[in-house]
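Everything below concerns the one structure shown next.
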Amino acid sequence: MIHLDANVLINLSKAGSTVAAKVGMWIRAGERLGTAAPSWQEYVTGPVTPVEIAKAVLVLQGGILPYDKAQAEKAAEFFNLTGRRRTVKFDCMIAAAAVVANATLATSNGADFLMFVPFGLKLEVV
C-alpha cells in the first residue's frame with residue numbers, strides 16, 4: 001500500500017506532471033493507493049474542484065484511512081521524538097498513519113517527512 005500525501009493528490013490533476021505519471025505507473029503495477037484522513041483533509045481544503053475530488057477518489061482504491069487510536073498514539077510518539085514543534089503536528093499524523101498501515105508515504109515534500117524515517121516511516125519522494 002502506498003499512501004498519497006495531499007501534495008501528490010493535488011498534482012494528480014496537473015496534466016503531464018511527473019507525479020501523475022508516477023501514480024499511473026503504480027496503478028498499472030497493481031499497487032493499492034490510499035491516503036490518511038489528515039492528508040485528505042488538507043487536499044479537500046483546496047482549492048480543488050468537485051471533478052478533481054471525484055478523480056482523486058477513483059485513484060484511492062485503498063481508501064481514505066480513518067484516523068484512529070493507534071495512529072493518534074504513534075503521532076504523539078513522533079511529535080515527542082522530533083522536538084515537539086507545533087508546526088509538524090499534521091506531518092506527525094500523516095507519517096503515523098502510514099507507519100501504522102505499513103504503507104509507504106508518497107510525497108513531494110520529502111524534507112517534511114525525512115525526520116520520521118529513523119522511526120519506521122517508508123518514504124517515496126515524487
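Lettering and numbering for the C-alpha cells are positional, with chains as A, B, ... in the shown order, residues counted from 1 in each chain, and ligands counted from 1 in the shown order.
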Which residues of segment 4-86 of chain A come within 8 Å of segment 94-106 of chain A, and what is each one's closest atom pair and distance in Å (one decimal), counting only C-alpha atoms, sorted by chain and residue number, as a Markdown table?
| residue | atom | partner | partner_atom | distance |
| --- | --- | --- | --- | --- |
| A:Leu4 | CA | A:Ala106 | CA | 5.0 |
| A:Asp5 | CA | A:Ala106 | CA | 6.0 |
| A:Val8 | CA | A:Ala106 | CA | 7.2 |
| A:Ala36 | CA | A:Ala97 | CA | 6.0 |
| A:Pro38 | CA | A:Ile94 | CA | 6.2 |
| A:Ser39 | CA | A:Ile94 | CA | 6.4 |
| A:Leu65 | CA | A:Ala97 | CA | 7.8 |
| A:Tyr67 | CA | A:Ala97 | CA | 7.5 |
| A:Ala70 | CA | A:Val100 | CA | 7.0 |
| A:Gln71 | CA | A:Ala97 | CA | 5.3 |
| A:Ala72 | CA | A:Ala96 | CA | 7.6 |
| A:Lys74 | CA | A:Ala96 | CA | 5.3 |
| A:Ala75 | CA | A:Ala96 | CA | 5.0 |
| A:Phe78 | CA | A:Ala96 | CA | 7.4 |
Could you pull out all residues of segment 10-126 of chain A with a DSSP call of helix (DSSP H, G or I) and give them as JSON, numbers by chain?
{"A": [10, 11, 12, 18, 19, 20, 21, 22, 23, 24, 25, 26, 27, 28, 37, 38, 39, 40, 41, 42, 43, 44, 45, 50, 51, 52, 53, 54, 55, 56, 57, 58, 59, 69, 70, 71, 72, 73, 74, 75, 76, 77, 78, 79, 80, 81, 86, 87, 88, 89, 90, 91, 92, 93, 94, 95, 96, 97, 98, 99, 100, 110, 111, 112, 113, 114, 115, 116, 117, 118, 119]}
Write down as a list in words the residues of chain A whose backbone DSSP state falls under strand (DSSP E).
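The strand (DSSP E) residues within chain A come out as Ile2, His3, Leu4, Leu33, Gly34, Thr35, Ala36, Gly63, Ile64, Leu65, Thr104, Leu105, Ala106, Thr107, Lys122, Leu123, Glu124 and Val125 of chain A.
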Would you save the residues of that selection, restricted to N, CA and C atoms, as a compact mmCIF listing (two decimals), in the first residue's frame?
# COMPACT_ATOMS: atom_id res chain seq x y z
N ILE A 2 0.47 2.20 -0.79
CA ILE A 2 1.13 3.50 -0.83
C ILE A 2 0.11 4.55 -0.42
N HIS A 3 0.48 5.35 0.58
CA HIS A 3 -0.36 6.48 0.99
C HIS A 3 0.09 7.72 0.23
N LEU A 4 -0.85 8.41 -0.38
CA LEU A 4 -0.56 9.63 -1.11
C LEU A 4 -0.76 10.84 -0.20
N LEU A 33 -3.43 2.21 -3.72
CA LEU A 33 -3.17 3.58 -3.30
C LEU A 33 -4.27 4.02 -2.35
N GLY A 34 -3.85 4.66 -1.27
CA GLY A 34 -4.80 5.20 -0.31
C GLY A 34 -4.24 6.50 0.23
N THR A 35 -4.91 7.02 1.23
CA THR A 35 -4.43 8.22 1.90
C THR A 35 -4.92 8.21 3.33
N ALA A 36 -4.29 9.00 4.15
CA ALA A 36 -4.69 9.16 5.54
C ALA A 36 -5.71 10.29 5.64
N GLY A 63 -8.62 3.44 -0.31
CA GLY A 63 -9.48 4.22 0.55
C GLY A 63 -8.80 5.35 1.28
N ILE A 64 -9.60 5.99 2.11
CA ILE A 64 -9.14 7.06 2.99
C ILE A 64 -9.17 6.48 4.39
N LEU A 65 -8.00 6.26 4.94
CA LEU A 65 -7.88 5.59 6.22
C LEU A 65 -8.38 6.49 7.35
N THR A 104 3.89 2.85 2.46
CA THR A 104 4.89 3.83 2.06
C THR A 104 4.17 5.16 1.87
N LEU A 105 4.76 6.23 2.36
CA LEU A 105 4.19 7.56 2.15
C LEU A 105 4.83 8.18 0.91
N ALA A 106 4.00 8.52 -0.06
CA ALA A 106 4.46 9.21 -1.27
C ALA A 106 4.15 10.69 -1.11
N THR A 107 5.18 11.51 -1.24
CA THR A 107 5.03 12.95 -1.06
C THR A 107 5.97 13.70 -1.98
N LYS A 122 8.42 4.57 5.83
CA LYS A 122 8.91 4.29 4.49
C LYS A 122 8.46 5.45 3.60
N LEU A 123 9.43 6.09 2.94
CA LEU A 123 9.16 7.33 2.23
C LEU A 123 9.54 7.21 0.77
N GLU A 124 8.65 7.71 -0.10
CA GLU A 124 8.91 7.80 -1.54
C GLU A 124 8.68 9.24 -1.94
N VAL A 125 9.75 9.91 -2.35
CA VAL A 125 9.63 11.30 -2.77
C VAL A 125 9.40 11.34 -4.27
Hey, what's within 10 Å of Val59 of chain A if we count only C-alpha atoms and toss same-chain stuff fewer than 5 positions away? As a list in words, please?
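The residues satisfying every condition are Leu4, Leu9, Leu12, Val23, Gly24, Ile27, Arg32, Leu33, Gly34 and Ala54 of chain A.
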Those residues with C-alpha atoms, as a PDB file, in the first residue's frame please?
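The resulting file, out-v3.pdb, is reproduced below:
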ATOM      1  CA  LEU A   4      -0.557   9.633  -1.115  1.00  0.00           C
ATOM      2  CA  LEU A   9      -3.217  14.320  -4.746  1.00  0.00           C
ATOM      3  CA  LEU A  12      -2.634  14.383  -9.944  1.00  0.00           C
ATOM      4  CA  VAL A  23       0.890   7.392  -9.855  1.00  0.00           C
ATOM      5  CA  GLY A  24      -0.174   5.951 -13.191  1.00  0.00           C
ATOM      6  CA  ILE A  27      -1.701   1.783 -10.706  1.00  0.00           C
ATOM      7  CA  ARG A  32      -3.048  -0.162  -3.855  1.00  0.00           C
ATOM      8  CA  LEU A  33      -3.168   3.577  -3.297  1.00  0.00           C
ATOM      9  CA  GLY A  34      -4.797   5.205  -0.313  1.00  0.00           C
ATOM     10  CA  ALA A  54     -14.003  12.706  -7.771  1.00  0.00           C
TER      11      ALA A  54
END
One residue among A:Ala20, A:Leu114, A:Ala76, A:Leu58 is nearest to Asn7 of chain A when using only C-alpha atoms, and that residue is A:Ala20
Just checking: using only C-alpha atoms, which residue out of A:Val126, A:Asn109, A:Leu81, A:Asn11 ends up closest to Glu52 of chain A?
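Selected residue with least distance to Glu52 of chain A: A:Asn11.
Note that the spacing between atom CA of Ile53 of chain A and atom CA of Ala37 of chain A amounts to 14.1 Å.
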